[in-house]
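Trainee: One file: query_0.txt (compact mmCIF, C-alpha atoms).
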```
# COMPACT_ATOMS: atom_id res chain seq x y z
CA ASP J 123 117.78 109.89 119.69
CA GLU J 124 118.26 109.43 115.95
CA ASN J 125 116.56 106.02 115.80
CA GLN J 126 113.47 107.25 117.65
CA LEU J 127 113.15 110.34 115.46
CA SER J 128 113.81 108.31 112.31
CA ASN J 129 110.97 105.94 113.18
CA LEU J 130 108.65 108.90 113.68
CA GLU J 131 109.62 110.55 110.42
CA SER J 132 109.20 107.36 108.41
CA SER J 133 105.77 106.44 109.77
CA LYS J 134 102.60 107.83 108.24
CA ASP J 135 100.34 110.18 110.16
CA MET J 136 97.38 108.14 111.31
CA TYR J 137 95.49 110.50 113.57
CA ASP J 138 94.68 114.18 113.35
CA LEU J 139 95.59 115.83 116.66
CA ASN J 140 96.15 119.28 115.16
CA GLY J 141 95.02 121.96 117.58
CA LYS J 142 95.02 119.55 120.52
CA VAL J 143 97.05 120.06 123.70
CA ALA J 144 98.36 117.07 125.62
CA ILE J 145 99.97 116.68 129.04
CA ILE J 146 102.20 113.64 129.56
CA THR J 147 103.56 113.06 133.07
CA GLY J 148 106.80 111.23 133.78
CA ALA J 149 108.29 112.00 130.38
CA GLY J 150 111.95 112.82 131.08
CA GLY J 151 113.57 109.44 130.42
CA ARG J 152 115.37 108.89 127.13
CA HIS J 153 114.11 105.30 126.88
CA GLY J 154 110.82 105.85 128.68
CA ILE J 155 107.21 105.39 127.72
CA GLY J 156 106.49 109.05 128.46
CA ARG J 157 108.98 110.38 125.94
CA ALA J 158 107.78 107.93 123.28
CA ILE J 159 104.17 109.02 123.78
CA ALA J 160 105.09 112.71 123.77
CA LEU J 161 106.92 112.39 120.44
CA ARG J 162 104.16 110.33 118.86
CA LEU J 163 101.41 112.78 119.86
CA ALA J 164 103.54 115.66 118.59
CA GLN J 165 104.00 113.84 115.29
CA GLU J 166 100.22 113.55 115.05
CA GLY J 167 99.90 117.32 115.45
CA ALA J 168 99.47 117.94 119.19
CA ASP J 169 101.27 120.58 121.20
CA VAL J 170 102.70 118.81 124.24
CA VAL J 171 103.42 119.57 127.88
CA VAL J 172 105.87 117.10 129.39
CA THR J 173 106.48 116.80 133.10
CA ASP J 174 108.84 114.98 135.40
CA ILE J 175 109.89 115.21 139.01
CA GLN J 176 113.51 116.01 138.15
CA ARG J 177 115.56 117.42 135.29
CA SER J 178 117.84 114.40 135.01
CA THR J 179 118.67 111.27 136.96
CA ASP J 180 121.80 110.06 138.69
CA ALA J 181 120.90 106.58 137.43
CA MET J 182 121.13 107.65 133.78
CA ARG J 183 122.70 105.04 131.53
CA PRO J 184 126.33 105.91 130.62
CA GLU J 185 125.52 106.01 126.91
CA ASP J 186 122.76 108.56 127.56
CA ARG J 187 125.11 110.77 129.54
CA GLN J 188 127.71 110.53 126.79
CA ALA J 189 125.04 111.45 124.23
CA GLY J 190 124.29 114.62 126.20
CA TRP J 191 120.80 113.61 127.26
CA ARG J 192 119.23 116.42 129.34
CA GLY J 193 115.95 114.92 130.44
CA LEU J 194 112.91 117.13 129.91
CA ASP J 195 114.95 119.77 128.11
CA SER J 196 115.90 117.20 125.47
CA VAL J 197 112.29 116.02 125.08
CA VAL J 198 111.10 119.61 124.65
CA GLY J 199 113.73 120.14 121.95
CA GLU J 200 112.64 116.99 120.12
CA ILE J 201 108.98 118.02 120.16
CA GLU J 202 109.86 121.46 118.80
CA ALA J 203 111.99 119.80 116.10
CA LEU J 204 108.80 118.08 114.95
CA GLY J 205 107.22 121.50 114.43
CA ARG J 206 105.04 121.52 117.54
CA GLN J 207 105.02 123.73 120.61
CA ALA J 208 106.26 122.22 123.85
CA LEU J 209 106.51 123.07 127.54
CA GLY J 210 108.58 121.19 130.11
CA LEU J 211 107.52 121.38 133.75
CA PHE J 212 109.01 119.87 136.87
CA SER J 213 106.11 118.58 138.92
CA ASP J 214 105.45 116.08 141.71
CA VAL J 215 102.17 114.47 140.64
CA SER J 216 101.37 113.52 144.24
CA ASP J 217 101.43 117.15 145.43
CA THR J 218 98.10 118.96 145.04
CA GLY J 219 99.69 122.39 144.74
CA GLN J 220 102.18 121.31 142.10
CA VAL J 221 99.48 119.57 140.06
CA SER J 222 97.34 122.71 140.19
CA ASP J 223 100.33 124.75 139.05
CA MET J 224 101.00 122.29 136.22
CA VAL J 225 97.46 122.75 134.94
CA ALA J 226 97.58 126.53 135.41
CA GLN J 227 100.85 126.87 133.49
CA THR J 228 99.49 124.71 130.69
CA LEU J 229 96.36 126.84 130.42
CA ASP J 230 98.39 130.06 130.55
CA ARG J 231 100.50 128.84 127.63
CA PHE J 232 97.95 127.02 125.49
CA GLY J 233 94.48 127.96 126.76
CA HIS J 234 93.05 124.45 126.92
CA ILE J 235 93.86 120.79 127.63
CA ASP J 236 92.48 118.01 125.44
CA ILE J 237 94.55 114.98 126.41
CA LEU J 238 96.07 113.78 129.68
CA VAL J 239 98.42 110.79 129.85
CA ASN J 240 99.00 109.67 133.43
CA ASN J 241 102.37 108.00 132.96
CA ALA J 242 104.40 109.01 136.04
CA GLY J 243 105.23 106.06 138.26
CA SER J 244 107.16 105.26 141.39
CA GLN J 245 110.76 104.12 141.08
CA PRO J 246 111.15 100.37 141.65
CA GLY J 247 113.40 99.51 144.53
CA ARG J 248 112.60 98.87 148.16
CA ASP J 249 109.07 97.74 147.27
CA ARG J 250 110.24 94.69 145.25
CA VAL J 251 110.49 92.37 148.23
CA LEU J 252 108.44 89.70 149.97
CA LEU J 253 105.46 90.91 151.97
CA VAL J 254 107.14 90.12 155.29
CA ASP J 255 110.04 92.39 154.30
CA LEU J 256 107.92 95.19 152.79
CA GLU J 257 108.32 98.35 154.84
CA GLU J 258 105.28 100.54 155.34
CA ASP J 259 106.92 103.64 153.90
CA ALA J 260 107.96 101.75 150.75
CA PHE J 261 104.36 100.58 150.25
CA ASP J 262 103.06 104.11 150.86
CA GLU J 263 105.49 105.58 148.32
CA VAL J 264 104.20 103.34 145.54
CA MET J 265 100.59 104.20 146.32
CA ARG J 266 101.38 107.90 146.69
CA VAL J 267 102.87 108.25 143.22
CA ASN J 268 100.96 105.66 141.20
CA VAL J 269 97.47 106.01 142.65
CA LYS J 270 97.29 109.40 144.34
CA GLY J 271 99.27 111.05 141.53
CA THR J 272 96.90 109.69 138.90
CA TYR J 273 93.88 110.76 140.97
CA LEU J 274 95.17 114.32 141.45
CA CYS J 275 96.12 114.85 137.80
CA SER J 276 92.89 113.32 136.51
CA ARG J 277 90.76 115.37 138.89
CA ALA J 278 92.47 118.63 137.96
CA VAL J 279 92.33 118.06 134.21
CA ALA J 280 88.79 116.63 134.23
CA THR J 281 87.58 119.70 136.12
CA HIS J 282 88.95 121.88 133.32
CA MET J 283 87.57 119.64 130.57
CA ILE J 284 84.07 119.70 132.08
CA ALA J 285 84.11 123.49 132.50
CA ARG J 286 85.44 124.02 128.97
CA GLY J 287 83.10 121.55 127.29
CA GLY J 288 83.95 119.67 124.14
CA GLY J 289 85.14 116.43 125.71
CA GLY J 290 88.63 115.08 126.10
CA LYS J 291 90.82 112.02 126.53
CA ILE J 292 92.35 110.70 129.74
CA ILE J 293 94.81 107.83 129.38
CA ILE J 294 96.11 105.95 132.41
CA ILE J 295 99.24 103.80 132.26
CA SER J 296 98.48 100.74 134.38
CA SER J 297 100.34 97.46 133.80
CA GLY J 298 100.00 93.78 133.12
CA ALA J 299 100.75 93.64 136.86
CA GLY J 300 97.38 95.33 137.29
CA LYS J 301 95.71 92.19 135.97
CA ARG J 302 97.86 89.43 137.46
CA GLY J 303 99.68 89.43 140.80
CA ARG J 304 103.36 88.55 141.08
CA ALA J 305 105.50 87.56 144.04
CA ARG J 306 107.59 90.47 145.37
CA PHE J 307 105.34 92.92 143.49
CA ALA J 308 102.59 93.28 146.11
CA ALA J 309 102.80 97.06 146.41
CA TYR J 310 103.17 97.63 142.69
CA CYS J 311 100.42 95.19 141.73
CA SER J 312 98.11 96.77 144.31
CA SER J 313 98.65 100.19 142.79
CA LYS J 314 98.16 99.03 139.21
CA PHE J 315 95.04 96.98 140.02
CA ALA J 316 93.73 100.14 141.70
CA LEU J 317 94.29 102.14 138.51
CA ILE J 318 92.11 99.76 136.51
CA GLY J 319 89.27 100.23 138.99
CA PHE J 320 89.87 103.98 138.95
CA THR J 321 89.73 103.98 135.15
CA GLN J 322 86.40 102.15 135.10
CA SER J 323 84.86 104.39 137.76
CA ILE J 324 85.77 107.76 136.29
CA ALA J 325 84.98 106.53 132.76
CA GLN J 326 81.39 106.17 133.90
CA GLU J 327 81.38 109.53 135.67
CA LEU J 328 82.89 111.47 132.78
CA ALA J 329 81.07 109.81 129.88
CA GLU J 330 78.26 112.37 129.92
CA HIS J 331 80.87 115.07 129.34
CA LYS J 332 82.28 113.21 126.30
CA ILE J 333 85.52 112.51 128.15
CA ASN J 334 86.92 109.08 127.33
CA VAL J 335 89.02 107.34 129.98
CA ASN J 336 91.05 104.26 129.15
CA ALA J 337 94.05 102.43 130.59
CA ILE J 338 97.02 100.85 128.87
CA CYS J 339 98.52 97.78 130.50
CA PRO J 340 102.05 97.18 129.20
CA GLY J 341 104.07 94.08 129.87
CA LEU J 342 107.77 94.52 130.55
CA VAL J 343 109.10 97.48 128.55
CA ASP J 344 112.79 98.05 127.93
CA THR J 345 113.03 101.41 129.70
CA GLU J 346 115.01 102.89 132.57
CA ARG J 347 112.52 101.21 134.89
CA ALA J 348 113.88 97.84 133.80
CA ASP J 349 117.26 98.98 135.12
CA PHE J 350 115.77 99.79 138.52
CA ILE J 351 113.85 96.50 138.65
CA ALA J 352 117.01 94.56 137.85
CA ALA J 353 118.98 96.43 140.51
CA ALA J 354 116.31 95.71 143.11
CA MET J 355 115.87 92.04 142.27
CA ALA J 356 119.34 90.84 141.25
CA PRO J 357 120.38 87.85 143.39
CA GLU J 358 123.61 87.90 145.37
CA GLY J 359 126.62 87.50 143.13
CA GLN J 360 124.90 88.90 140.04
CA SER J 361 125.26 92.50 138.91
CA ALA J 362 122.24 94.65 138.07
CA GLU J 363 123.25 94.73 134.40
CA GLU J 364 123.68 90.96 134.26
CA HIS J 365 120.26 90.50 135.83
CA ARG J 366 118.72 93.03 133.46
CA VAL J 367 120.03 91.18 130.40
CA LEU J 368 118.83 87.86 131.80
CA MET J 369 115.44 89.31 132.75
CA LEU J 370 114.85 90.76 129.29
CA ARG J 371 115.95 87.57 127.57
CA GLU J 372 113.75 85.33 129.72
CA ARG J 373 110.76 87.61 129.26
CA SER J 374 111.29 87.75 125.50
CA GLU J 375 111.26 83.95 125.37
CA SER J 376 107.94 83.86 127.25
CA VAL J 377 106.18 86.47 125.05
CA PRO J 378 104.30 84.95 122.09
CA LEU J 379 105.50 87.72 119.77
CA GLY J 380 109.06 86.98 120.84
CA ARG J 381 110.28 90.25 122.35
CA VAL J 382 109.70 92.70 125.17
CA ALA J 383 108.03 95.99 124.36
CA GLN J 384 109.73 99.22 123.41
CA GLY J 385 108.33 102.62 124.30
CA ASP J 386 106.97 103.13 120.80
CA ASP J 387 104.76 100.04 121.15
CA ILE J 388 102.94 101.77 123.98
CA ALA J 389 102.94 105.12 122.18
CA ARG J 390 101.05 103.68 119.21
CA THR J 391 98.19 102.62 121.47
CA ALA J 392 98.25 105.95 123.29
CA ALA J 393 97.99 107.83 119.99
CA PHE J 394 94.92 105.80 119.06
CA LEU J 395 93.28 106.42 122.44
CA ALA J 396 94.09 110.14 122.21
CA SER J 397 92.47 110.44 118.79
CA GLY J 398 88.91 110.60 117.54
CA GLU J 399 89.26 107.00 116.33
CA SER J 400 88.60 105.86 119.92
CA ASP J 401 85.57 108.07 120.58
CA TYR J 402 83.30 105.08 121.31
CA LEU J 403 85.75 103.37 123.66
CA THR J 404 85.87 104.10 127.37
CA GLY J 405 86.63 102.24 130.58
CA LEU J 406 88.94 99.75 128.85
CA SER J 407 92.24 98.34 130.11
CA ILE J 408 94.16 97.37 126.99
CA SER J 409 97.02 94.87 127.31
CA VAL J 410 100.01 95.85 125.18
CA ALA J 411 102.16 92.87 125.99
CA GLY J 412 102.88 90.88 122.85
CA GLY J 413 100.33 88.25 123.75
CA SER J 414 101.61 87.51 127.25
CA GLU J 415 98.37 89.00 128.60
CA MET J 416 95.19 88.38 126.62
CA ASN J 417 92.45 89.86 128.79
```
Any chance you could put this one into structure tokens?
Mentor:
Amino acid sequence: DENQLSNLESSKDMYDLNGKVAIITGAGGRHGIGRAIALRLAQEGADVVVTDIQRSTDAMRPEDRQAGWRGLDSVVGEIEALGRQALGLFSDVSDTGQVSDMVAQTLDRFGHIDILVNNAGSQPGRDRVLLVDLEEDAFDEVMRVNVKGTYLCSRAVATHMIARGGGGKIIIISSGAGKRGRARFAAYCSSKFALIGFTQSIAQELAEHKINVNAICPGLVDTERADFIAAAMAPEGQSAEEHRVLMLRERSESVPLGRVAQGDDIARTAAFLASGESDYLTGLSISVAGGSEMN
């Protein structure tokens, strides 16, 4: 939207990503982390492939629908408006064949991949319950998307990066919930803790190939996911929107910097990790949480 693009246009280029090609998964939401990262990397000079599992969502906010938001198609248009090339692909990150096709289409279009941002995540809902109420299929769904999806995308892209030579950057979106457990978040916390271990393991494996692997651990971010969390956790007698407003306000009051994160807060860190400025950093899990997580 105009505010997002205005922020990009007014900020100074900090990193030189000219000639680089980035894949960002889970990038179709207007308020999402994926879109914010895609636009920031494009601003820094990268050509960008954005993926999502669907073109749009039935749960889209009314104001987004009224604004004509078209999911991936809109993100592709915004990237091209910044003067970069873009490709939008619909891909299930937990499906081996679709991940292979995602990589193949990227290579057919651009010839190489330099940056992978594993951002796609499961939709909060049936998993945000007490352990005794957590259904097996709900637990499996979280692990399938968050852990298996990251594994499949990282494996496919790392295989290309090793064969091509020249190094690369893999960025994994974990969470503050990957460092501290929370009641009713057992499945989600399990998946995000797993991603931190995965980050550390493959960082050691890929270091000899000059491939840096780091994780970002956001706190609560005001994205579409906050809507889903509120809908899943609103107590009886309280609407999802009422709970969302309350949830964001309470979290803001508990964050030392006084607010919840916006997508651009995460994108700034991703741009640094995607650039040459982070060449001597690997295996880290960086909290981007306004001081609410300090490890």
Trainee: How many Å separate CA of Ile235 in chain J from CA of Arg192 in chain J?
Mentor: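 Separating CA of Ile235 in chain J from CA of Arg192 in chain J is a distance of 25.8 Å.
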Trainee: In Å, how far is it from CA of Leu163 in chain J to CA of Thr391 in chain J?
Mentor: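 Interatomic distance, CA of Leu163 in chain J to CA of Thr391 in chain J: 10.8 Å.
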Trainee: List the neighbours of Ile351 in chain J out to 12 Å using all atoms listed in the file; skip same-chain residues closer than 3 positions along the sequence, and give me the result as a VMD selection string.
Mentor: chain J and resid 244 to 251 306 to 307 310 342 to 348 354 to 357 362 to 363 365 to 367 369 to 370
Trainee: Please identify all polymer residues within 8 Å of Leu395 in chain J, counting all atoms listed in the file, omitting same-chain residues fewer than 3 positions from it, and present them as a list of chain:residue names.
Mentor: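 Selected residues are J:Lys291, J:Ile293, J:Asn336, J:Thr391, J:Ala392, J:Gly398, J:Glu399, J:Ser400.
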Trainee: Residues near range 260-268 of chain J, anyone? I mean within 10 Å using only C-alpha atoms, not counting same-chain ones fewer than 3 positions away, as a tab-separated table (two decimals) with C-alpha atoms, in the coordinates of the input.
Mentor:
```tsv
chain	number	residue	atom	x	y	z
J	214	ASP	CA	105.45	116.08	141.71
J	215	VAL	CA	102.17	114.47	140.64
J	216	SER	CA	101.37	113.52	144.24
J	217	ASP	CA	101.43	117.15	145.43
J	240	ASN	CA	99.00	109.67	133.43
J	241	ASN	CA	102.37	108.00	132.96
J	242	ALA	CA	104.40	109.01	136.04
J	243	GLY	CA	105.23	106.06	138.26
J	244	SER	CA	107.16	105.26	141.39
J	245	GLN	CA	110.76	104.12	141.08
J	246	PRO	CA	111.15	100.37	141.65
J	247	GLY	CA	113.40	99.51	144.53
J	248	ARG	CA	112.60	98.87	148.16
J	249	ASP	CA	109.07	97.74	147.27
J	250	ARG	CA	110.24	94.69	145.25
J	253	LEU	CA	105.46	90.91	151.97
J	256	LEU	CA	107.92	95.19	152.79
J	257	GLU	CA	108.32	98.35	154.84
J	271	GLY	CA	99.27	111.05	141.53
J	272	THR	CA	96.90	109.69	138.90
J	273	TYR	CA	93.88	110.76	140.97
J	274	LEU	CA	95.17	114.32	141.45
J	295	ILE	CA	99.24	103.80	132.26
J	296	SER	CA	98.48	100.74	134.38
J	308	ALA	CA	102.59	93.28	146.11
J	309	ALA	CA	102.80	97.06	146.41
J	310	TYR	CA	103.17	97.63	142.69
J	311	CYS	CA	100.42	95.19	141.73
J	312	SER	CA	98.11	96.77	144.31
J	313	SER	CA	98.65	100.19	142.79
J	314	LYS	CA	98.16	99.03	139.21
J	316	ALA	CA	93.73	100.14	141.70
J	317	LEU	CA	94.29	102.14	138.51
```
Trainee: Taking into account all atoms listed in the file, which residue in the set J:Ile159, J:Leu194, J:Met136, J:Val382 is nearest to Ala208 in chain J?
Mentor: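 With all atoms listed in the file as the atom set, the closest residue is J:Leu194.
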Trainee: Can you tell me which residues surround Ala144 in chain J at a distance of at most 8 Å, considering all atoms listed in the file, apart from same-chain residues fewer than 4 positions away, and format the answer as a ChimeraX atom specification?
Mentor: /J:163,168-171,235-239
Trainee: How would the residues just chosen look if you wrote them out with C-alpha atoms as a compact mmCIF listing (two decimals), keeping the file's coordinate frame?
Mentor:
```
# COMPACT_ATOMS: atom_id res chain seq x y z
CA LEU J 163 101.41 112.78 119.86
CA ALA J 168 99.47 117.94 119.19
CA ASP J 169 101.27 120.58 121.20
CA VAL J 170 102.70 118.81 124.24
CA VAL J 171 103.42 119.57 127.88
CA ILE J 235 93.86 120.79 127.63
CA ASP J 236 92.48 118.01 125.44
CA ILE J 237 94.55 114.98 126.41
CA LEU J 238 96.07 113.78 129.68
CA VAL J 239 98.42 110.79 129.85
```
Trainee: Work out how far CA of Arg286 in chain J is from CA of Lys270 in chain J, in Å to one decimal.
Mentor: 24.3 Å
